[in-house]
Structure formats: C-alpha cells, structure tokens
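Trainee: Got a structure for you, start.pdb, holding PDB, C-alpha atoms.
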```
MODEL        1
ATOM      1  CA  MET Z  11      37.822  10.451   3.770  1.00  0.00           C
ATOM      2  CA  THR Z  12      34.043  10.762   3.497  1.00  0.00           C
ATOM      3  CA  GLU Z  13      32.018   7.664   4.163  1.00  0.00           C
ATOM      4  CA  ILE Z  14      28.929   7.098   2.043  1.00  0.00           C
ATOM      5  CA  LYS Z  15      26.201   4.926   3.484  1.00  0.00           C
ATOM      6  CA  VAL Z  16      24.069   3.225   0.837  1.00  0.00           C
ATOM      7  CA  LEU Z  17      20.568   2.285   1.925  1.00  0.00           C
ATOM      8  CA  ARG Z  18      19.153  -0.767   0.197  1.00  0.00           C
ATOM      9  CA  PRO Z  19      15.566  -1.423   1.292  1.00  0.00           C
ATOM     10  CA  ASP Z  20      15.710  -4.933  -0.167  1.00  0.00           C
ATOM     11  CA  ALA Z  21      18.865  -5.853   1.749  1.00  0.00           C
ATOM     12  CA  VAL Z  22      17.527  -5.565   5.297  1.00  0.00           C
ATOM     13  CA  LEU Z  23      13.972  -6.744   5.591  1.00  0.00           C
ATOM     14  CA  ALA Z  24      11.622  -5.351   8.211  1.00  0.00           C
ATOM     15  CA  ALA Z  25      10.159  -8.791   8.835  1.00  0.00           C
ATOM     16  CA  GLU Z  26      11.811 -12.175   8.863  1.00  0.00           C
ATOM     17  CA  PRO Z  27      11.025 -14.136   5.714  1.00  0.00           C
ATOM     18  CA  SER Z  28       8.334 -16.722   6.332  1.00  0.00           C
ATOM     19  CA  THR Z  29       5.196 -17.879   4.666  1.00  0.00           C
ATOM     20  CA  LEU Z  30       2.751 -15.020   4.935  1.00  0.00           C
ATOM     21  CA  ARG Z  31      -0.810 -15.833   5.813  1.00  0.00           C
ATOM     22  CA  LEU Z  32      -2.983 -13.098   4.371  1.00  0.00           C
ATOM     23  CA  ALA Z  33      -5.307 -11.435   6.850  1.00  0.00           C
ATOM     24  CA  PRO Z  34      -8.899 -12.648   6.619  1.00  0.00           C
ATOM     25  CA  ARG Z  35     -10.837 -10.664   4.042  1.00  0.00           C
ATOM     26  CA  GLY Z  36     -14.374  -9.474   4.733  1.00  0.00           C
ATOM     27  CA  HIS Z  37     -16.554  -6.845   3.115  1.00  0.00           C
ATOM     28  CA  LEU Z  38     -15.714  -3.191   2.631  1.00  0.00           C
ATOM     29  CA  ALA Z  39     -19.137  -1.879   3.651  1.00  0.00           C
ATOM     30  CA  GLY Z  40     -18.528   0.141   6.818  1.00  0.00           C
ATOM     31  CA  ALA Z  41     -14.834  -0.823   6.967  1.00  0.00           C
ATOM     32  CA  ARG Z  42     -12.318   1.678   8.353  1.00  0.00           C
ATOM     33  CA  LEU Z  43      -9.521   2.304   5.836  1.00  0.00           C
ATOM     34  CA  THR Z  44      -6.112   3.671   6.709  1.00  0.00           C
ATOM     35  CA  ILE Z  45      -4.011   5.045   3.884  1.00  0.00           C
ATOM     36  CA  ILE Z  46      -0.283   4.838   4.591  1.00  0.00           C
ATOM     37  CA  ASP Z  47       0.936   7.793   2.550  1.00  0.00           C
ATOM     38  CA  ASN Z  48       4.668   7.774   1.952  1.00  0.00           C
ATOM     39  CA  GLY Z  49       4.763  11.408   0.858  1.00  0.00           C
ATOM     40  CA  LYS Z  50       5.704  10.832  -2.774  1.00  0.00           C
ATOM     41  CA  PRO Z  51       4.461  13.602  -5.103  1.00  0.00           C
ATOM     42  CA  ARG Z  52       0.750  13.118  -5.894  1.00  0.00           C
ATOM     43  CA  ALA Z  53       0.579   9.856  -3.892  1.00  0.00           C
ATOM     44  CA  ARG Z  54      -1.915  11.259  -1.411  1.00  0.00           C
ATOM     45  CA  ASP Z  55      -4.078  12.594  -4.246  1.00  0.00           C
ATOM     46  CA  LEU Z  56      -4.213   9.202  -5.956  1.00  0.00           C
ATOM     47  CA  LEU Z  57      -4.748   7.181  -2.768  1.00  0.00           C
ATOM     48  CA  ALA Z  58      -7.426   9.560  -1.486  1.00  0.00           C
ATOM     49  CA  GLY Z  59      -9.121   9.364  -4.880  1.00  0.00           C
ATOM     50  CA  ILE Z  60      -9.148   5.569  -4.619  1.00  0.00           C
ATOM     51  CA  ALA Z  61     -10.613   5.819  -1.104  1.00  0.00           C
ATOM     52  CA  ALA Z  62     -13.356   8.133  -2.403  1.00  0.00           C
ATOM     53  CA  GLN Z  63     -14.203   5.592  -5.099  1.00  0.00           C
ATOM     54  CA  LEU Z  64     -14.285   2.764  -2.521  1.00  0.00           C
ATOM     55  CA  THR Z  65     -16.596   4.837  -0.340  1.00  0.00           C
ATOM     56  CA  GLU Z  66     -18.940   5.560  -3.241  1.00  0.00           C
ATOM     57  CA  ARG Z  67     -18.953   2.043  -4.711  1.00  0.00           C
ATOM     58  CA  TYR Z  68     -18.659  -0.210  -1.667  1.00  0.00           C
ATOM     59  CA  GLY Z  69     -19.827   1.859   1.302  1.00  0.00           C
ATOM     60  CA  LEU Z  70     -16.411   2.145   2.898  1.00  0.00           C
ATOM     61  CA  GLY Z  71     -16.602   3.675   6.378  1.00  0.00           C
ATOM     62  CA  ALA Z  72     -14.073   6.112   7.810  1.00  0.00           C
ATOM     63  CA  VAL Z  73     -10.840   6.958   5.992  1.00  0.00           C
ATOM     64  CA  THR Z  74      -7.705   7.939   7.914  1.00  0.00           C
ATOM     65  CA  ILE Z  75      -4.388   9.012   6.438  1.00  0.00           C
ATOM     66  CA  PHE Z  76      -1.155   8.064   8.185  1.00  0.00           C
ATOM     67  CA  SER Z  77       1.733  10.144   6.824  1.00  0.00           C
ATOM     68  CA  LYS Z  78       5.154   8.529   6.924  1.00  0.00           C
ATOM     69  CA  PRO Z  79       8.107  10.812   7.643  1.00  0.00           C
ATOM     70  CA  SER Z  80      10.006   9.304   4.702  1.00  0.00           C
ATOM     71  CA  ALA Z  81       9.165   7.183   1.683  1.00  0.00           C
ATOM     72  CA  SER Z  82      12.389   5.249   2.288  1.00  0.00           C
ATOM     73  CA  LYS Z  83      11.422   3.999   5.746  1.00  0.00           C
ATOM     74  CA  VAL Z  84       9.183   1.102   6.741  1.00  0.00           C
ATOM     75  CA  ILE Z  85       6.609   1.842   9.433  1.00  0.00           C
ATOM     76  CA  THR Z  86       7.673   0.786  12.914  1.00  0.00           C
ATOM     77  CA  GLU Z  87       6.102  -2.034  14.877  1.00  0.00           C
ATOM     78  CA  ASP Z  88       4.512   0.531  17.220  1.00  0.00           C
ATOM     79  CA  GLU Z  89       3.035   2.385  14.250  1.00  0.00           C
ATOM     80  CA  ALA Z  90       1.693  -0.888  12.835  1.00  0.00           C
ATOM     81  CA  VAL Z  91       0.013  -1.716  16.148  1.00  0.00           C
ATOM     82  CA  SER Z  92      -1.548   1.751  16.301  1.00  0.00           C
ATOM     83  CA  ILE Z  93      -2.786   1.534  12.705  1.00  0.00           C
ATOM     84  CA  ALA Z  94      -4.195  -1.958  13.315  1.00  0.00           C
ATOM     85  CA  GLU Z  95      -6.156  -0.700  16.335  1.00  0.00           C
ATOM     86  CA  THR Z  96      -8.005   1.897  14.262  1.00  0.00           C
ATOM     87  CA  SER Z  97      -8.287   0.164  10.871  1.00  0.00           C
ATOM     88  CA  ASP Z  98     -10.035  -2.722   9.199  1.00  0.00           C
ATOM     89  CA  VAL Z  99      -8.175  -2.457   5.872  1.00  0.00           C
ATOM     90  CA  VAL Z 100      -5.002  -0.679   4.722  1.00  0.00           C
ATOM     91  CA  LEU Z 101      -3.858   0.896   1.449  1.00  0.00           C
ATOM     92  CA  THR Z 102      -0.157   1.765   1.077  1.00  0.00           C
ATOM     93  CA  GLY Z 103       1.856   3.629  -1.523  1.00  0.00           C
ATOM     94  CA  LEU Z 104       2.854   5.073  -3.764  1.00  0.00           C
ATOM     95  CA  GLY Z 105       5.672   2.904  -5.026  1.00  0.00           C
ATOM     96  CA  ASP Z 106       7.117   4.858  -7.933  1.00  0.00           C
ATOM     97  CA  CYS Z 107      10.811   4.208  -7.349  1.00  0.00           C
ATOM     98  CA  ALA Z 108      12.769   1.229  -6.047  1.00  0.00           C
ATOM     99  CA  GLY Z 109      13.161   2.289  -2.411  1.00  0.00           C
ATOM    100  CA  CYS Z 110       9.655   3.581  -1.854  1.00  0.00           C
ATOM    101  CA  SER Z 111       8.134   0.559  -3.633  1.00  0.00           C
ATOM    102  CA  ALA Z 112      10.064  -1.806  -1.377  1.00  0.00           C
ATOM    103  CA  CYS Z 113       9.154   0.098   1.783  1.00  0.00           C
ATOM    104  CA  SER Z 114       5.467   0.422   0.841  1.00  0.00           C
ATOM    105  CA  LEU Z 115       5.322  -3.328   0.170  1.00  0.00           C
ATOM    106  CA  GLN Z 116       6.901  -4.024   3.556  1.00  0.00           C
ATOM    107  CA  ASP Z 117       4.347  -1.698   5.195  1.00  0.00           C
ATOM    108  CA  ALA Z 118       1.530  -3.723   3.624  1.00  0.00           C
ATOM    109  CA  VAL Z 119       3.067  -7.071   4.612  1.00  0.00           C
ATOM    110  CA  LEU Z 120       3.555  -5.836   8.178  1.00  0.00           C
ATOM    111  CA  MET Z 121      -0.119  -4.853   8.350  1.00  0.00           C
ATOM    112  CA  GLU Z 122      -1.088  -8.314   7.034  1.00  0.00           C
ATOM    113  CA  ARG Z 123       0.912  -9.774   9.929  1.00  0.00           C
ATOM    114  CA  HIS Z 124      -1.304  -7.643  12.184  1.00  0.00           C
ATOM    115  CA  ASP Z 125      -4.409  -9.198  10.571  1.00  0.00           C
ATOM    116  CA  ARG Z 126      -5.329  -6.173   8.487  1.00  0.00           C
ATOM    117  CA  PRO Z 127      -6.033  -6.856   4.805  1.00  0.00           C
ATOM    118  CA  SER Z 128      -3.729  -4.599   2.823  1.00  0.00           C
ATOM    119  CA  THR Z 129      -2.603  -3.790  -0.674  1.00  0.00           C
ATOM    120  CA  VAL Z 130       0.037  -1.541  -2.178  1.00  0.00           C
ATOM    121  CA  VAL Z 131      -0.111   0.738  -5.222  1.00  0.00           C
ATOM    122  CA  ILE Z 132       3.033   0.735  -7.370  1.00  0.00           C
ATOM    123  CA  SER Z 133       3.885   2.014 -10.821  1.00  0.00           C
ATOM    124  CA  GLU Z 134       4.695  -0.286 -13.728  1.00  0.00           C
ATOM    125  CA  PRO Z 135       8.499  -0.160 -13.793  1.00  0.00           C
ATOM    126  CA  PHE Z 136       8.693  -1.673 -10.297  1.00  0.00           C
ATOM    127  CA  VAL Z 137       6.630  -4.829 -10.810  1.00  0.00           C
ATOM    128  CA  GLY Z 138       9.775  -6.987 -11.085  1.00  0.00           C
ATOM    129  CA  LEU Z 139      11.246  -5.551  -7.895  1.00  0.00           C
ATOM    130  CA  ILE Z 140       8.010  -6.100  -5.967  1.00  0.00           C
ATOM    131  CA  THR Z 141       7.666  -9.631  -7.326  1.00  0.00           C
ATOM    132  CA  SER Z 142      11.193 -10.458  -6.170  1.00  0.00           C
ATOM    133  CA  LEU Z 143      10.923  -8.723  -2.800  1.00  0.00           C
ATOM    134  CA  SER Z 144       7.523 -10.204  -1.965  1.00  0.00           C
ATOM    135  CA  ALA Z 145       9.019 -13.669  -2.477  1.00  0.00           C
ATOM    136  CA  LYS Z 146      11.916 -12.756  -0.143  1.00  0.00           C
ATOM    137  CA  LEU Z 147       9.356 -11.623   2.440  1.00  0.00           C
ATOM    138  CA  GLY Z 148       7.573 -14.971   2.243  1.00  0.00           C
ATOM    139  CA  ALA Z 149       4.666 -13.312   0.447  1.00  0.00           C
ATOM    140  CA  ALA Z 150       5.087 -14.541  -3.125  1.00  0.00           C
ATOM    141  CA  GLY Z 151       2.275 -13.293  -5.337  1.00  0.00           C
ATOM    142  CA  TYR Z 152       1.269 -10.588  -2.866  1.00  0.00           C
ATOM    143  CA  PRO Z 153      -1.725  -8.614  -4.218  1.00  0.00           C
ATOM    144  CA  VAL Z 154      -0.580  -5.258  -5.600  1.00  0.00           C
ATOM    145  CA  VAL Z 155      -2.240  -2.651  -7.770  1.00  0.00           C
ATOM    146  CA  VAL Z 156      -0.159  -1.453 -10.718  1.00  0.00           C
ATOM    147  CA  VAL Z 157      -0.617   2.008 -12.228  1.00  0.00           C
ATOM    148  CA  PRO Z 158       1.100   3.708 -15.190  1.00  0.00           C
ATOM    149  CA  HIS Z 159       4.342   5.555 -14.487  1.00  0.00           C
ATOM    150  CA  PRO Z 160       4.803   8.388 -13.653  1.00  0.00           C
ATOM    151  CA  VAL Z 161       2.103   9.513 -11.247  1.00  0.00           C
ATOM    152  CA  SER Z 162       3.766  12.716 -10.063  1.00  0.00           C
ATOM    153  CA  SER Z 163       3.208  14.598 -13.320  1.00  0.00           C
ATOM    154  CA  LYS Z 164      -0.455  13.672 -13.805  1.00  0.00           C
ATOM    155  CA  SER Z 165      -3.135  16.349 -13.533  1.00  0.00           C
ATOM    156  CA  ALA Z 166      -5.830  16.210 -10.871  1.00  0.00           C
ATOM    157  CA  GLU Z 167      -8.311  15.119 -13.542  1.00  0.00           C
ATOM    158  CA  ALA Z 168      -6.005  12.319 -14.767  1.00  0.00           C
ATOM    159  CA  LEU Z 169      -5.479  11.115 -11.190  1.00  0.00           C
ATOM    160  CA  SER Z 170      -9.230  11.083 -10.630  1.00  0.00           C
ATOM    161  CA  ARG Z 171      -9.716   8.936 -13.755  1.00  0.00           C
ATOM    162  CA  LEU Z 172      -6.874   6.648 -12.684  1.00  0.00           C
ATOM    163  CA  ALA Z 173      -8.373   6.230  -9.195  1.00  0.00           C
ATOM    164  CA  ALA Z 174     -11.707   5.307 -10.787  1.00  0.00           C
ATOM    165  CA  ARG Z 175      -9.986   2.734 -13.037  1.00  0.00           C
ATOM    166  CA  VAL Z 176      -8.115   0.940 -10.231  1.00  0.00           C
ATOM    167  CA  ALA Z 177     -10.665   1.153  -7.382  1.00  0.00           C
ATOM    168  CA  ASP Z 178     -12.246  -2.223  -8.166  1.00  0.00           C
ATOM    169  CA  ARG Z 179      -8.810  -3.865  -8.206  1.00  0.00           C
ATOM    170  CA  VAL Z 180      -8.038  -2.344  -4.806  1.00  0.00           C
ATOM    171  CA  ALA Z 181     -11.408  -3.588  -3.536  1.00  0.00           C
ATOM    172  CA  ALA Z 182     -10.700  -7.085  -4.854  1.00  0.00           C
ATOM    173  CA  ASN Z 183      -7.342  -7.114  -3.025  1.00  0.00           C
ATOM    174  CA  LEU Z 184      -8.852  -5.938   0.271  1.00  0.00           C
ATOM    175  CA  ALA Z 185     -12.151  -7.816   0.433  1.00  0.00           C
ATOM    176  CA  ALA Z 186     -13.305 -11.425   0.149  1.00  0.00           C
ATOM    177  CA  THR Z 187     -16.024 -10.495  -2.282  1.00  0.00           C
ATOM    178  CA  PRO Z 188     -16.550  -6.790  -2.686  1.00  0.00           C
ATOM    179  CA  ALA Z 189     -20.100  -5.818  -1.821  1.00  0.00           C
ATOM    180  CA  ALA Z 190     -21.647  -3.293  -4.170  1.00  0.00           C
TER     181      ALA Z 190
ENDMDL
END
```
Would it be possible to restate this file's structure as structure tokens?

Mentor:
Amino acid sequence: MTEIKVLRPDAVLAAEPSTLRLAPRGHLAGARLTIIDNGKPRARDLLAGIAAQLTERYGLGAVTIFSKPSASKVITEDEAVSIAETSDVVLTGLGDCAGCSACSLQDAVLMERHDRPSTVVISEPFVGLITSLSAKLGAAGYPVVVVPHPVSSKSAEALSRLAARVADRVAANLAATPAA
C-alpha cells in the first residue's frame, strides 16, 4: 500500500499564534530591501519590478533577492535571522496558489517578528485564505498587496505596468509615511 502525505500549509503554522506587533515602520529612503522570492513563475520579475519602482520613487537603497528552494516551504528561523541582519524591509511572494500564498504570508510574519517591516504580494483568488490564515497567526488584517490572477502568463510589459501600479501600496505597507 502506498502512503500519500498531504501537506497543508495552514495546518501546521511556522509560528505560534499570538498577537503580532508589526515591526516599526520608518522611511524607505536608503532602506535595504530583501525580496523573498518563492520561485513561482514570473514572481521574481514582478517583485524586482516593484523594487525598481520603490528605488525610483522613494530612494530605496540596496535590493537583495533571497531565493527559497520551494514555494511550499516557510523560511527557517536561521534564514530569517540572516535576512534580518542584512535588511531593513522585506517583500515576499508571489502567492498565486493556496500553499505558496500561505507560506509567503508566514515568511512575512516571521520577518515582522524579527522587527523587519514586511508585506506579501498575492493574487486575487487567495485573499480569503490569507485573511483566514493571518488571523490564525495572530496577525489579523496583515498588510498584503493584491494583484490580478494569473501573474505567470503576463508579458514583461504587463508585469512592468503592474509593478508600477502596486508600488505605492507596497511602500505604504512597508513605511510609516513613504518619503517621495
């Protein structure tokens, strides 16, 4: 008999549920951004496009990309510590399915617990899941950025336009008052 193991990212949480205190927000000017790229198709293109917009509009400092080995895994505590040491703000994603949305949200919440303002980019069909899971994580109302689904089939030009449209929302989630 073959045993099938079903992974449910909402069943075992990476962090114990508690009331999340968001990391203190500052300004983006000169801030070091780490993108936690989960490897979903076109995720890196969209997230890098958002980072380019943040750099142009708000004077963001260095941008680093951390590539996860799997979209269905939450970053480890050691990875979170390492990212926190080299970052001021964090952008995670892309949540365009249930598992990767849940894991990207947990990545962002973990970084908040390490005092790094974070936000996650998800696509529209997963808003309900993220709303439910953020409450289970003790982070009800967690600031996310929602984009149209699907992202994977969008052209480079469409992704560039999308990044331009959501950059101010990302900035608002990461900073106290975005500085122009």

Trainee: To one decimal place, how far is atom CA of Z:Ala186 from atom CA of Z:Ala33 in Å?

Mentor: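 Computing it gives 10.4 Å between the two atoms.
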
Trainee: Within 9 Å of stretch 121-138 of chain Z, counting all atoms listed in the file, which residues qualify if same-chain residues fewer than 2 places away don't, as a VMD selection string?

Mentor: chain Z and resid 30 to 36 57 90 to 91 93 to 94 97 to 108 111 114 to 119 140 to 143 152 to 161 180 183 to 185

Trainee: Grab the atom CA of Z:Ser144 to atom CA of Z:Arg171 distance for me, in Å with one decimal place.

Mentor: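 Distance reported for this atom pair: 28.3 Å.
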
Trainee: Quick one: distance from atom CA of Z:Leu38 to atom CA of Z:Leu70 in Å, one decimal?

Mentor: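 For atom CA of Z:Leu38 relative to atom CA of Z:Leu70, the distance reads 5.4 Å.
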
Trainee: Any idea what's packed within 12 Å of stretch 59-64 of chain Z, counting only C-alpha atoms, ignoring anything in its chain fewer than 5 positions away? Could you give it as number ranges by chain?

Mentor: Z: 37-46, 52-54, 69-75, 99-103, 130-131, 155, 157, 166-182, 184-185, 188-190

Trainee: Write the residues you've just listed into a file as a PDB file, in the coordinates of the input, and include C-alpha atoms for each of them.

Mentor:
```pdb
ATOM      1  CA  HIS Z  37     -16.554  -6.845   3.115  1.00  0.00           C
ATOM      2  CA  LEU Z  38     -15.714  -3.191   2.631  1.00  0.00           C
ATOM      3  CA  ALA Z  39     -19.137  -1.879   3.651  1.00  0.00           C
ATOM      4  CA  GLY Z  40     -18.528   0.141   6.818  1.00  0.00           C
ATOM      5  CA  ALA Z  41     -14.834  -0.823   6.967  1.00  0.00           C
ATOM      6  CA  ARG Z  42     -12.318   1.678   8.353  1.00  0.00           C
ATOM      7  CA  LEU Z  43      -9.521   2.304   5.836  1.00  0.00           C
ATOM      8  CA  THR Z  44      -6.112   3.671   6.709  1.00  0.00           C
ATOM      9  CA  ILE Z  45      -4.011   5.045   3.884  1.00  0.00           C
ATOM     10  CA  ILE Z  46      -0.283   4.838   4.591  1.00  0.00           C
ATOM     11  CA  ARG Z  52       0.750  13.118  -5.894  1.00  0.00           C
ATOM     12  CA  ALA Z  53       0.579   9.856  -3.892  1.00  0.00           C
ATOM     13  CA  ARG Z  54      -1.915  11.259  -1.411  1.00  0.00           C
ATOM     14  CA  GLY Z  69     -19.827   1.859   1.302  1.00  0.00           C
ATOM     15  CA  LEU Z  70     -16.411   2.145   2.898  1.00  0.00           C
ATOM     16  CA  GLY Z  71     -16.602   3.675   6.378  1.00  0.00           C
ATOM     17  CA  ALA Z  72     -14.073   6.112   7.810  1.00  0.00           C
ATOM     18  CA  VAL Z  73     -10.840   6.958   5.992  1.00  0.00           C
ATOM     19  CA  THR Z  74      -7.705   7.939   7.914  1.00  0.00           C
ATOM     20  CA  ILE Z  75      -4.388   9.012   6.438  1.00  0.00           C
ATOM     21  CA  VAL Z  99      -8.175  -2.457   5.872  1.00  0.00           C
ATOM     22  CA  VAL Z 100      -5.002  -0.679   4.722  1.00  0.00           C
ATOM     23  CA  LEU Z 101      -3.858   0.896   1.449  1.00  0.00           C
ATOM     24  CA  THR Z 102      -0.157   1.765   1.077  1.00  0.00           C
ATOM     25  CA  GLY Z 103       1.856   3.629  -1.523  1.00  0.00           C
ATOM     26  CA  VAL Z 130       0.037  -1.541  -2.178  1.00  0.00           C
ATOM     27  CA  VAL Z 131      -0.111   0.738  -5.222  1.00  0.00           C
ATOM     28  CA  VAL Z 155      -2.240  -2.651  -7.770  1.00  0.00           C
ATOM     29  CA  VAL Z 157      -0.617   2.008 -12.228  1.00  0.00           C
ATOM     30  CA  ALA Z 166      -5.830  16.210 -10.871  1.00  0.00           C
ATOM     31  CA  GLU Z 167      -8.311  15.119 -13.542  1.00  0.00           C
ATOM     32  CA  ALA Z 168      -6.005  12.319 -14.767  1.00  0.00           C
ATOM     33  CA  LEU Z 169      -5.479  11.115 -11.190  1.00  0.00           C
ATOM     34  CA  SER Z 170      -9.230  11.083 -10.630  1.00  0.00           C
ATOM     35  CA  ARG Z 171      -9.716   8.936 -13.755  1.00  0.00           C
ATOM     36  CA  LEU Z 172      -6.874   6.648 -12.684  1.00  0.00           C
ATOM     37  CA  ALA Z 173      -8.373   6.230  -9.195  1.00  0.00           C
ATOM     38  CA  ALA Z 174     -11.707   5.307 -10.787  1.00  0.00           C
ATOM     39  CA  ARG Z 175      -9.986   2.734 -13.037  1.00  0.00           C
ATOM     40  CA  VAL Z 176      -8.115   0.940 -10.231  1.00  0.00           C
ATOM     41  CA  ALA Z 177     -10.665   1.153  -7.382  1.00  0.00           C
ATOM     42  CA  ASP Z 178     -12.246  -2.223  -8.166  1.00  0.00           C
ATOM     43  CA  ARG Z 179      -8.810  -3.865  -8.206  1.00  0.00           C
ATOM     44  CA  VAL Z 180      -8.038  -2.344  -4.806  1.00  0.00           C
ATOM     45  CA  ALA Z 181     -11.408  -3.588  -3.536  1.00  0.00           C
ATOM     46  CA  ALA Z 182     -10.700  -7.085  -4.854  1.00  0.00           C
ATOM     47  CA  LEU Z 184      -8.852  -5.938   0.271  1.00  0.00           C
ATOM     48  CA  ALA Z 185     -12.151  -7.816   0.433  1.00  0.00           C
ATOM     49  CA  PRO Z 188     -16.550  -6.790  -2.686  1.00  0.00           C
ATOM     50  CA  ALA Z 189     -20.100  -5.818  -1.821  1.00  0.00           C
ATOM     51  CA  ALA Z 190     -21.647  -3.293  -4.170  1.00  0.00           C
TER      52      ALA Z 190
END
```

Trainee: From the set Z:Pro79, Z:Ile85, Z:Glu95, Z:Gly148, which residue has the shortest atom-to-atom contact distance to Z:Cys113, counting only C-alpha atoms?

Mentor: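 Of Z:Pro79, Z:Ile85, Z:Glu95, Z:Gly148, the one nearest Z:Cys113, counting only C-alpha atoms, is Z:Ile85.
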
Trainee: Using 6 Å of padding on each side, determine the axis-aligned box around all atoms of stretch 132-144 of chain Z present in the file and give its centre and edge lengths in Å to one decimal, as JSON.

Mentor:
```
{"center_x": 7.1, "center_y": -4.2, "center_z": -7.9, "size_x": 20.2, "size_y": 24.5, "size_z": 23.8}
```
